[in-house]
>>> print(open('final-v4.cif').read())   # mmCIF, C-alpha atoms and all ligand atoms
data_my_file
#
loop_
_atom_site.label_atom_id
_atom_site.label_comp_id
_atom_site.auth_asym_id
_atom_site.auth_seq_id
_atom_site.Cartn_x
_atom_site.Cartn_y
_atom_site.Cartn_z
CA MET Q 1 -2.23 3.24 0.81
CA ILE Q 2 -4.44 2.03 3.62
CA LEU Q 3 -2.84 0.10 6.47
CA LYS Q 4 -5.07 -0.92 9.37
CA GLN Q 5 -3.84 -2.75 12.44
CA ILE Q 6 -6.61 -4.71 14.14
CA PRO Q 7 -6.23 -6.45 17.51
CA VAL Q 8 -8.00 -9.84 17.41
CA GLY Q 9 -8.61 -12.76 19.74
CA THR Q 10 -7.27 -13.48 23.19
CA PHE Q 11 -3.57 -14.03 22.37
CA GLN Q 12 -2.88 -10.35 21.64
CA ASN Q 13 -2.76 -11.07 17.90
CA PHE Q 14 -2.73 -8.31 15.32
CA ALA Q 15 -4.38 -8.83 11.94
CA TYR Q 16 -3.88 -6.21 9.23
CA ILE Q 17 -5.67 -4.80 6.23
CA ILE Q 18 -3.46 -3.53 3.41
CA GLY Q 19 -5.52 -1.61 0.87
CA ASP Q 20 -4.88 0.21 -2.37
CA ASP Q 21 -6.59 3.61 -2.53
CA LYS Q 22 -6.73 3.58 -6.32
CA THR Q 23 -8.27 0.19 -7.10
CA LYS Q 24 -9.90 -0.39 -3.68
CA LEU Q 25 -8.42 -3.88 -3.60
CA CYS Q 26 -7.01 -5.17 -0.34
CA ALA Q 27 -5.34 -8.06 1.45
CA ILE Q 28 -6.04 -9.28 4.96
CA VAL Q 29 -2.85 -10.32 6.73
CA ASP Q 30 -3.15 -13.15 9.27
CA PRO Q 31 -6.94 -13.38 9.53
CA ALA Q 32 -7.93 -15.08 12.78
CA TRP Q 33 -10.43 -15.10 15.62
CA GLU Q 34 -12.62 -12.20 14.50
CA VAL Q 35 -13.26 -12.61 10.79
CA ASP Q 36 -16.59 -10.76 10.95
CA ARG Q 37 -14.87 -7.70 12.36
CA LEU Q 38 -12.11 -7.85 9.74
CA LEU Q 39 -14.57 -8.14 6.87
CA ASP Q 40 -16.77 -5.37 8.33
CA GLN Q 41 -13.70 -3.10 8.41
CA CYS Q 42 -12.93 -3.86 4.78
CA LYS Q 43 -16.51 -3.07 3.88
CA GLU Q 44 -16.45 0.20 5.83
CA LEU Q 45 -13.31 1.19 3.96
CA GLY Q 46 -14.93 0.27 0.66
CA LEU Q 47 -12.32 -2.42 -0.01
CA THR Q 48 -12.63 -5.71 -1.91
CA VAL Q 49 -10.57 -8.53 -0.42
CA SER Q 50 -8.37 -10.11 -3.11
CA PHE Q 51 -5.78 -11.85 -0.95
CA VAL Q 52 -5.16 -13.48 2.38
CA LEU Q 53 -1.48 -13.11 3.28
CA ASN Q 54 -0.09 -15.37 6.00
CA THR Q 55 3.12 -14.36 7.75
CA HIS Q 56 3.44 -17.99 8.90
CA SER Q 57 1.38 -21.11 9.41
CA HIS Q 58 0.84 -21.03 13.19
CA HIS Q 59 -2.81 -21.52 14.10
CA ASP Q 60 -3.32 -18.14 15.76
CA HIS Q 61 -2.44 -16.38 12.47
CA VAL Q 62 -4.35 -18.52 9.96
CA GLU Q 63 -7.41 -19.71 11.85
CA GLY Q 64 -9.68 -17.40 9.79
CA ASN Q 65 -8.26 -18.24 6.34
CA ASP Q 66 -11.08 -20.56 5.29
CA ALA Q 67 -13.84 -18.24 6.49
CA VAL Q 68 -12.36 -15.30 4.57
CA VAL Q 69 -11.98 -17.38 1.41
CA ARG Q 70 -15.54 -18.71 1.69
CA ARG Q 71 -16.97 -15.22 2.03
CA THR Q 72 -14.77 -13.27 -0.40
CA GLY Q 73 -13.11 -15.71 -2.83
CA ALA Q 74 -9.72 -14.28 -1.82
CA LYS Q 75 -6.56 -16.16 -2.81
CA ILE Q 76 -4.30 -17.39 -0.03
CA VAL Q 77 -0.65 -16.35 -0.30
CA ALA Q 78 1.98 -18.05 1.86
CA HIS Q 79 5.62 -19.10 1.75
CA GLU Q 80 6.40 -22.16 -0.34
CA LYS Q 81 7.36 -24.08 2.83
CA SER Q 82 3.96 -23.47 4.46
CA PRO Q 83 2.22 -26.80 5.07
CA LEU Q 84 -1.20 -25.15 4.76
CA LYS Q 85 -3.52 -24.80 1.79
CA LYS Q 86 -2.41 -21.90 -0.41
CA ASP Q 87 -3.24 -20.61 -3.89
CA ILE Q 88 -0.04 -18.67 -4.44
CA GLN Q 89 3.29 -19.72 -2.95
CA VAL Q 90 6.02 -17.15 -2.55
CA LYS Q 91 9.70 -17.08 -1.72
CA ASP Q 92 12.24 -14.48 -0.63
CA GLY Q 93 12.33 -11.46 -2.96
CA ASP Q 94 8.96 -12.12 -4.61
CA SER Q 95 6.37 -9.38 -4.70
CA ILE Q 96 2.61 -9.47 -4.62
CA SER Q 97 0.59 -6.79 -6.38
CA ILE Q 98 -2.52 -5.53 -4.63
CA GLY Q 99 -3.85 -3.19 -7.30
CA SER Q 100 -1.09 -0.60 -7.67
CA LEU Q 101 0.61 -1.58 -4.39
CA LYS Q 102 3.64 -3.83 -4.36
CA VAL Q 103 4.22 -5.99 -1.29
CA LYS Q 104 7.73 -7.42 -1.09
CA VAL Q 105 8.28 -10.80 0.52
CA ILE Q 106 11.22 -11.23 2.92
CA HIS Q 107 11.72 -14.84 4.02
CA THR Q 108 12.59 -14.76 7.73
CA PRO Q 109 12.85 -18.32 9.09
CA GLY Q 110 13.75 -18.81 12.75
CA HIS Q 111 10.39 -18.71 14.55
CA CYS Q 112 9.27 -21.30 11.98
CA PRO Q 113 10.57 -22.35 8.54
CA ASP Q 114 7.79 -20.71 6.50
CA HIS Q 115 7.89 -17.28 8.11
CA ILE Q 116 7.77 -14.21 5.87
CA CYS Q 117 7.80 -10.50 6.61
CA LEU Q 118 5.93 -8.17 4.27
CA LEU Q 119 7.42 -4.85 3.17
CA VAL Q 120 5.05 -2.31 1.68
CA ASP Q 121 5.54 1.40 1.16
CA GLY Q 122 7.97 1.97 4.06
CA ASN Q 123 6.17 -0.39 6.44
CA VAL Q 124 7.21 -3.90 7.41
CA LEU Q 125 4.76 -6.40 8.84
CA THR Q 126 6.97 -8.61 10.96
CA GLY Q 127 4.60 -11.36 12.16
CA ASP Q 128 6.27 -13.42 14.88
CA THR Q 129 9.84 -12.61 13.77
CA LEU Q 130 10.11 -9.20 15.45
CA PHE Q 131 7.88 -7.64 18.09
CA VAL Q 132 8.13 -4.23 19.72
CA GLY Q 133 10.94 -4.81 22.26
CA GLU Q 134 11.19 -8.57 21.62
CA CYS Q 135 11.81 -11.18 18.96
CA GLY Q 136 9.88 -14.36 18.21
CA ARG Q 137 10.32 -17.61 20.11
CA THR Q 138 12.84 -20.07 18.76
CA ASP Q 139 12.05 -22.98 21.07
CA LEU Q 140 9.04 -24.35 19.18
CA GLN Q 141 8.98 -27.15 16.63
CA GLY Q 142 10.73 -26.13 13.40
CA ALA Q 143 12.29 -23.11 15.07
CA SER Q 144 15.97 -22.21 14.85
CA ALA Q 145 17.90 -19.55 16.75
CA SER Q 146 20.61 -19.74 14.10
CA GLU Q 147 18.11 -18.93 11.33
CA MET Q 148 16.50 -16.24 13.49
CA TYR Q 149 19.89 -14.55 13.74
CA GLY Q 150 20.13 -14.32 9.95
CA SER Q 151 16.56 -13.13 9.62
CA LEU Q 152 16.95 -10.38 12.21
CA PHE Q 153 20.49 -9.17 11.59
CA ASN Q 154 21.01 -9.88 7.88
CA LYS Q 155 17.50 -9.09 6.69
CA LEU Q 156 15.31 -6.90 8.93
CA MET Q 157 18.20 -4.85 10.34
CA THR Q 158 19.30 -3.96 6.79
CA LEU Q 159 16.05 -2.05 6.29
CA ASP Q 160 16.03 1.73 6.58
CA ASP Q 161 15.72 3.06 10.15
CA ALA Q 162 12.56 4.97 9.16
CA THR Q 163 10.72 1.77 8.17
CA LYS Q 164 7.68 1.34 10.41
CA VAL Q 165 7.39 -2.00 12.21
CA TYR Q 166 3.99 -3.69 12.58
CA PRO Q 167 4.25 -6.94 14.56
CA GLY Q 168 1.99 -10.00 14.71
CA HIS Q 169 1.29 -9.63 18.43
CA ASP Q 170 0.84 -6.73 20.83
CA TYR Q 171 3.68 -7.73 23.16
CA GLY Q 172 5.43 -4.38 23.54
CA ASN Q 173 4.83 -1.09 25.32
CA LYS Q 174 3.09 0.21 22.18
CA PRO Q 175 1.49 -1.41 19.14
CA SER Q 176 4.04 -0.41 16.49
CA SER Q 177 7.56 0.94 16.21
CA SER Q 178 10.29 1.52 13.63
CA ILE Q 179 13.40 -0.37 12.56
CA GLY Q 180 15.60 2.44 13.99
CA GLU Q 181 13.83 2.39 17.33
CA GLU Q 182 14.07 -1.40 17.59
CA ARG Q 183 17.74 -1.28 16.57
CA ARG Q 184 18.38 1.16 19.44
CA THR Q 185 16.13 -0.26 22.17
CA ASN Q 186 15.24 -3.93 21.55
CA TYR Q 187 17.41 -6.07 23.84
CA THR Q 188 17.27 -9.02 21.43
CA LEU Q 189 18.89 -6.88 18.71
CA LYS Q 190 21.99 -5.87 20.69
CA PRO Q 191 25.09 -6.55 18.59
CA ARG Q 192 26.01 -10.21 19.09
CA THR Q 193 27.85 -12.84 17.12
CA LYS Q 194 25.70 -15.69 15.88
CA GLU Q 195 27.09 -17.94 18.64
CA GLU Q 196 26.34 -15.32 21.28
CA PHE Q 197 22.81 -14.93 19.92
CA ILE Q 198 22.17 -18.70 19.98
CA ASN Q 199 23.35 -18.87 23.60
CA PHE Q 200 21.26 -15.81 24.46
CA MET Q 201 18.12 -17.39 22.95
CA ALA Q 202 18.75 -20.65 24.85
CA GLN Q 203 18.56 -18.82 28.17
CA PRO Q 204 15.15 -18.84 29.90
FE FE C 1 3.82 -17.95 15.67
#
>>> encode(input="final-v4.cif", output="structure tokens")
Amino acid sequence: MILKQIPVGTFQNFAYIIGDDKTKLCAIVDPAWEVDRLLDQCKELGLTVSFVLNTHSHHDHVEGNDAVVRRTGAKIVAHEKSPLKKDIQVKDGDSISIGSLKVKVIHTPGHCPDHICLLVDGNVLTGDTLFVGECGRTDLQGASASEMYGSLFNKLMTLDDATKVYPGHDYGNKPSSSIGEERRTNYTLKPRTKEEFINFMAQP
């Protein structure tokens, strides 16, 4: 498979291209800020864009949706709770086929209600749920530290340690990591009860 991480915009966002070697179909994950660059990359790789996948509906991750759709005819895939325009709505446990690739949807509310992480071939795209060395904010509208606890500890931390982590922003000391490395080093993932985690997230 092809997995390209592309820094875009001025908020340290990462967009991604997930491509299938066999069929040359691909998805752009969280297209924003630099749609020309993203589409040029797809073209260079010989890929046809079939889907836009949104990890969540925050502006800095979806700002390029319409431009990509206009120029490629791609279908927008987002969680069923996403308030934005979508062609295909997904929920926890669903999978999306990009040619011969299967992308599994993990619903991870906490940063916002419609947040999903995308698991494909030993890689997890974690959006604004988990960053390298950090987790997503839970003080914005629709956010919940209680739900974030479940998403981090009962969902992402059940993945295999070898799973590579590709976040939605470049907030860490390197652009990507692994579940095992985050489990060992990420201070937000230290063992805590749910109550302890909620108190921890409420601290400035
Ligand atoms: Fe966000």
>>> closest_atom_pairs(input="final-v4.cif", of="chain Q", to="ligand FE 1 (chain C)", cutoff="8 Å", atoms="only C-alpha atoms and all ligand atoms", output="tab-separated table")
residue	atom	partner	partner_atom	distance
Q:His56	CA	C:FE1	FE	6.8
Q:Ser57	CA	C:FE1	FE	7.4
Q:His58	CA	C:FE1	FE	5.0
Q:His59	CA	C:FE1	FE	7.7
Q:Asp60	CA	C:FE1	FE	7.1
Q:His61	CA	C:FE1	FE	7.2
Q:His111	CA	C:FE1	FE	6.7
Q:Cys112	CA	C:FE1	FE	7.4
Q:Gly127	CA	C:FE1	FE	7.5
Q:Asp128	CA	C:FE1	FE	5.2
Q:Gly136	CA	C:FE1	FE	7.5
Q:Arg137	CA	C:FE1	FE	7.9
>>> closest_residue(input="final-v4.cif", among="Q:His169, Q:Lys85, Q:Lys4, Q:Arg70", to="Asp20 in chain Q", atoms="all atoms listed in the file")
Q:Lys4
>>> closest_residue(input="final-v4.cif", among="Q:Val165, Q:Val132, Q:Ile28, Q:Val103", to="Leu118 in chain Q", atoms="only C-alpha atoms")
Q:Val103
>>> atom_distance(input="final-v4.cif", atom1="CA of Thr55 in chain Q", atom2="CA of Leu156 in chain Q")
14.3 Å
>>> closest_residue(input="final-v4.cif", among="Q:Thr138, Q:Asn186, Q:Ser176, Q:Met148", to="Ala202 in chain Q", atoms="all atoms listed in the file")
Q:Thr138
>>> residues_around(input="final-v4.cif", residues="range 157-163 of chain Q", least_positions_apart="3", cutoff="12 Å", atoms="all atoms listed in the file", output="PyMOL selection string")
chain Q and resi 106+108+117-126+129-130+148-154+166+176-184+186+188-191
>>> closest_residue(input="final-v4.cif", among="Q:Leu140, Q:Met201, Q:Cys42, Q:Cys135", to="Ile6 in chain Q", atoms="all atoms listed in the file")
Q:Cys42
>>> residues_around(input="final-v4.cif", residues="Ile198 in chain Q", least_positions_apart="4", cutoff="7 Å", atoms="only C-alpha atoms", output="ChimeraX atom specification")
/Q:145-146,194,202
>>> atom_distance(input="final-v4.cif", atom1="CA of Val69 in chain Q", atom2="CA of Asp21 in chain Q")
22.0 Å
>>> atom_distance(input="final-v4.cif", atom1="CA of Gln12 in chain Q", atom2="CA of Gly172 in chain Q")
10.4 Å
>>> residues_around(input="final-v4.cif", residues="Asn13 in chain Q", least_positions_apart="3", cutoff="9 Å", atoms="only C-alpha atoms", output="NGL selection string")
:Q and (6-10 or 30 or 32-33 or 60-61 or 167-171)
>>> closest_residue(input="final-v4.cif", among="Q:Val49, Q:Ile96, Q:Leu84, Q:Val35", to="Ala67 in chain Q", atoms="all atoms listed in the file")
Q:Val35
>>> closest_residue(input="final-v4.cif", among="Q:Asn54, Q:Thr72, Q:Ser100, Q:Asn65", to="Asp40 in chain Q", atoms="all atoms listed in the file")
Q:Thr72
>>> axis_aligned_box(input="final-v4.cif", around="range 116-119 of chain Q", padding_each_side="4 Å", output="AutoDock Vina command-line options")
--center_x 6.9 --center_y -9.5 --center_z 4.9 --size_x 9.9 --size_y 17.4 --size_z 11.4
>>> residues_around(input="final-v4.cif", residues="Glu80 in chain Q", least_positions_apart="6", cutoff="8 Å", atoms="only C-alpha atoms", output="JSON list (two decimals) with C-alpha atoms, in the frame of the given file")
[["chain", "number", "residue", "atom", "x", "y", "z"],
["Q", 89, "GLN", "CA", 3.29, -19.72, -2.95],
["Q", 90, "VAL", "CA", 6.02, -17.15, -2.55],
["Q", 91, "LYS", "CA", 9.70, -17.08, -1.72],
["Q", 114, "ASP", "CA", 7.79, -20.71, 6.50]]
>>> residues_around(input="final-v4.cif", residues="Thr48 in chain Q", least_positions_apart="6", cutoff="12 Å", atoms="only C-alpha atoms", output="JSON, numbers by chain")
{"Q": [17, 18, 19, 20, 21, 22, 23, 24, 25, 26, 27, 28, 38, 39, 40, 41, 42, 68, 71, 72, 73, 74, 98, 99]}
>>> decode(input="final-v4.cif", residues="range 48-155 of chain Q", atoms="C-alpha atoms", output="PDB file, in the first residue's frame")
ATOM      1  CA  THR Q  48      -7.095   8.201  -8.830  1.00  0.00           C
ATOM      2  CA  VAL Q  49      -8.868   9.824  -5.880  1.00  0.00           C
ATOM      3  CA  SER Q  50     -12.021   7.857  -5.012  1.00  0.00           C
ATOM      4  CA  PHE Q  51     -12.625   9.054  -1.462  1.00  0.00           C
ATOM      5  CA  VAL Q  52     -12.152  11.918   0.924  1.00  0.00           C
ATOM      6  CA  LEU Q  53     -11.936  10.558   4.474  1.00  0.00           C
ATOM      7  CA  ASN Q  54     -12.454  13.004   7.338  1.00  0.00           C
ATOM      8  CA  THR Q  55     -11.157  12.070  10.782  1.00  0.00           C
ATOM      9  CA  HIS Q  56     -13.492  14.746  12.194  1.00  0.00           C
ATOM     10  CA  SER Q  57     -15.400  17.833  11.168  1.00  0.00           C
ATOM     11  CA  HIS Q  58     -13.114  20.589  12.492  1.00  0.00           C
ATOM     12  CA  HIS Q  59     -12.397  23.221   9.857  1.00  0.00           C
ATOM     13  CA  ASP Q  60      -8.645  22.663   9.659  1.00  0.00           C
ATOM     14  CA  HIS Q  61      -9.229  19.041   8.560  1.00  0.00           C
ATOM     15  CA  VAL Q  62     -12.074  19.479   6.064  1.00  0.00           C
ATOM     16  CA  GLU Q  63     -11.474  22.879   4.516  1.00  0.00           C
ATOM     17  CA  GLY Q  64     -10.403  21.279   1.197  1.00  0.00           C
ATOM     18  CA  ASN Q  65     -13.261  18.753   0.911  1.00  0.00           C
ATOM     19  CA  ASP Q  66     -15.279  20.706  -1.647  1.00  0.00           C
ATOM     20  CA  ALA Q  67     -12.280  21.522  -3.836  1.00  0.00           C
ATOM     21  CA  VAL Q  68     -11.223  17.861  -3.954  1.00  0.00           C
ATOM     22  CA  VAL Q  69     -14.763  16.732  -4.795  1.00  0.00           C
ATOM     23  CA  ARG Q  70     -15.106  19.366  -7.521  1.00  0.00           C
ATOM     24  CA  ARG Q  71     -11.859  18.304  -9.162  1.00  0.00           C
ATOM     25  CA  THR Q  72     -12.016  14.522  -8.733  1.00  0.00           C
ATOM     26  CA  GLY Q  73     -15.624  13.475  -8.066  1.00  0.00           C
ATOM     27  CA  ALA Q  74     -14.442  11.723  -4.887  1.00  0.00           C
ATOM     28  CA  LYS Q  75     -17.033  10.612  -2.331  1.00  0.00           C
ATOM     29  CA  ILE Q  76     -16.818  12.100   1.152  1.00  0.00           C
ATOM     30  CA  VAL Q  77     -16.722   9.582   4.006  1.00  0.00           C
ATOM     31  CA  ALA Q  78     -17.299  10.742   7.585  1.00  0.00           C
ATOM     32  CA  HIS Q  79     -18.790   9.525  10.849  1.00  0.00           C
ATOM     33  CA  GLU Q  80     -22.577   9.474  11.021  1.00  0.00           C
ATOM     34  CA  LYS Q  81     -22.485  12.235  13.671  1.00  0.00           C
ATOM     35  CA  SER Q  82     -20.525  14.611  11.417  1.00  0.00           C
ATOM     36  CA  PRO Q  83     -22.590  17.735  10.739  1.00  0.00           C
ATOM     37  CA  LEU Q  84     -20.881  18.228   7.379  1.00  0.00           C
ATOM     38  CA  LYS Q  85     -21.903  17.141   3.892  1.00  0.00           C
ATOM     39  CA  LYS Q  86     -20.987  13.496   3.337  1.00  0.00           C
ATOM     40  CA  ASP Q  87     -21.781  10.821   0.748  1.00  0.00           C
ATOM     41  CA  ILE Q  88     -21.041   7.825   2.936  1.00  0.00           C
ATOM     42  CA  GLN Q  89     -21.583   7.831   6.698  1.00  0.00           C
ATOM     43  CA  VAL Q  90     -19.716   5.343   8.824  1.00  0.00           C
ATOM     44  CA  LYS Q  91     -19.781   4.100  12.391  1.00  0.00           C
ATOM     45  CA  ASP Q  92     -17.471   2.145  14.682  1.00  0.00           C
ATOM     46  CA  GLY Q  93     -16.364  -1.161  13.158  1.00  0.00           C
ATOM     47  CA  ASP Q  94     -17.283  -0.293   9.567  1.00  0.00           C
ATOM     48  CA  SER Q  95     -14.712  -0.669   6.844  1.00  0.00           C
ATOM     49  CA  ILE Q  96     -14.130   1.233   3.650  1.00  0.00           C
ATOM     50  CA  SER Q  97     -12.635  -0.499   0.627  1.00  0.00           C
ATOM     51  CA  ILE Q  98     -10.123   1.446  -1.432  1.00  0.00           C
ATOM     52  CA  GLY Q  99      -9.524  -1.037  -4.229  1.00  0.00           C
ATOM     53  CA  SER Q 100      -8.088  -4.067  -2.437  1.00  0.00           C
ATOM     54  CA  LEU Q 101      -7.301  -2.124   0.753  1.00  0.00           C
ATOM     55  CA  LYS Q 102      -9.585  -2.274   3.750  1.00  0.00           C
ATOM     56  CA  VAL Q 103      -9.686   0.733   6.065  1.00  0.00           C
ATOM     57  CA  LYS Q 104     -11.293   0.000   9.420  1.00  0.00           C
ATOM     58  CA  VAL Q 105     -13.203   2.730  11.218  1.00  0.00           C
ATOM     59  CA  ILE Q 106     -12.666   3.188  14.966  1.00  0.00           C
ATOM     60  CA  HIS Q 107     -15.046   5.722  16.507  1.00  0.00           C
ATOM     61  CA  THR Q 108     -13.018   7.763  19.016  1.00  0.00           C
ATOM     62  CA  PRO Q 109     -15.170  10.561  20.468  1.00  0.00           C
ATOM     63  CA  GLY Q 110     -13.636  12.874  23.071  1.00  0.00           C
ATOM     64  CA  HIS Q 111     -12.008  15.630  21.014  1.00  0.00           C
ATOM     65  CA  CYS Q 112     -15.370  15.903  19.233  1.00  0.00           C
ATOM     66  CA  PRO Q 113     -18.377  13.562  18.893  1.00  0.00           C
ATOM     67  CA  ASP Q 114     -17.761  12.595  15.249  1.00  0.00           C
ATOM     68  CA  HIS Q 115     -14.090  11.689  15.546  1.00  0.00           C
ATOM     69  CA  ILE Q 116     -12.855   8.503  13.882  1.00  0.00           C
ATOM     70  CA  CYS Q 117      -9.438   6.885  13.655  1.00  0.00           C
ATOM     71  CA  LEU Q 118      -8.577   4.886  10.542  1.00  0.00           C
ATOM     72  CA  LEU Q 119      -6.758   1.555  10.775  1.00  0.00           C
ATOM     73  CA  VAL Q 120      -5.167   0.251   7.602  1.00  0.00           C
ATOM     74  CA  ASP Q 121      -2.538  -2.431   7.171  1.00  0.00           C
ATOM     75  CA  GLY Q 122      -0.835  -1.967  10.569  1.00  0.00           C
ATOM     76  CA  ASN Q 123      -1.101   1.825  10.528  1.00  0.00           C
ATOM     77  CA  VAL Q 124      -3.552   3.970  12.460  1.00  0.00           C
ATOM     78  CA  LEU Q 125      -4.372   7.519  11.433  1.00  0.00           C
ATOM     79  CA  THR Q 126      -5.317   9.134  14.712  1.00  0.00           C
ATOM     80  CA  GLY Q 127      -6.482  12.633  13.683  1.00  0.00           C
ATOM     81  CA  ASP Q 128      -6.869  14.828  16.758  1.00  0.00           C
ATOM     82  CA  THR Q 129      -7.422  11.921  19.178  1.00  0.00           C
ATOM     83  CA  LEU Q 130      -3.754  10.993  19.657  1.00  0.00           C
ATOM     84  CA  PHE Q 131      -0.642  12.944  18.738  1.00  0.00           C
ATOM     85  CA  VAL Q 132       2.996  11.996  19.186  1.00  0.00           C
ATOM     86  CA  GLY Q 133       3.513  12.689  22.911  1.00  0.00           C
ATOM     87  CA  GLU Q 134       0.069  14.266  23.438  1.00  0.00           C
ATOM     88  CA  CYS Q 135      -3.650  13.656  23.121  1.00  0.00           C
ATOM     89  CA  GLY Q 136      -6.327  15.872  21.614  1.00  0.00           C
ATOM     90  CA  ARG Q 137      -7.951  18.776  23.424  1.00  0.00           C
ATOM     91  CA  THR Q 138     -11.111  18.061  25.363  1.00  0.00           C
ATOM     92  CA  ASP Q 139     -12.027  21.640  26.251  1.00  0.00           C
ATOM     93  CA  LEU Q 140     -13.724  22.578  22.974  1.00  0.00           C
ATOM     94  CA  GLN Q 141     -17.422  22.480  22.152  1.00  0.00           C
ATOM     95  CA  GLY Q 142     -18.707  18.899  21.959  1.00  0.00           C
ATOM     96  CA  ALA Q 143     -15.567  17.565  23.612  1.00  0.00           C
ATOM     97  CA  SER Q 144     -15.560  15.147  26.542  1.00  0.00           C
ATOM     98  CA  ALA Q 145     -12.648  13.998  28.687  1.00  0.00           C
ATOM     99  CA  SER Q 146     -14.739  11.032  29.789  1.00  0.00           C
ATOM    100  CA  GLU Q 147     -15.246   9.901  26.181  1.00  0.00           C
ATOM    101  CA  MET Q 148     -11.587  10.609  25.385  1.00  0.00           C
ATOM    102  CA  TYR Q 149     -10.622   8.196  28.160  1.00  0.00           C
ATOM    103  CA  GLY Q 150     -12.626   5.404  26.522  1.00  0.00           C
ATOM    104  CA  SER Q 151     -11.271   6.217  23.084  1.00  0.00           C
ATOM    105  CA  LEU Q 152      -7.646   6.219  24.213  1.00  0.00           C
ATOM    106  CA  PHE Q 153      -7.588   3.423  26.776  1.00  0.00           C
ATOM    107  CA  ASN Q 154     -10.349   1.074  25.572  1.00  0.00           C
ATOM    108  CA  LYS Q 155      -9.817   1.503  21.845  1.00  0.00           C
TER     109      LYS Q 155
END
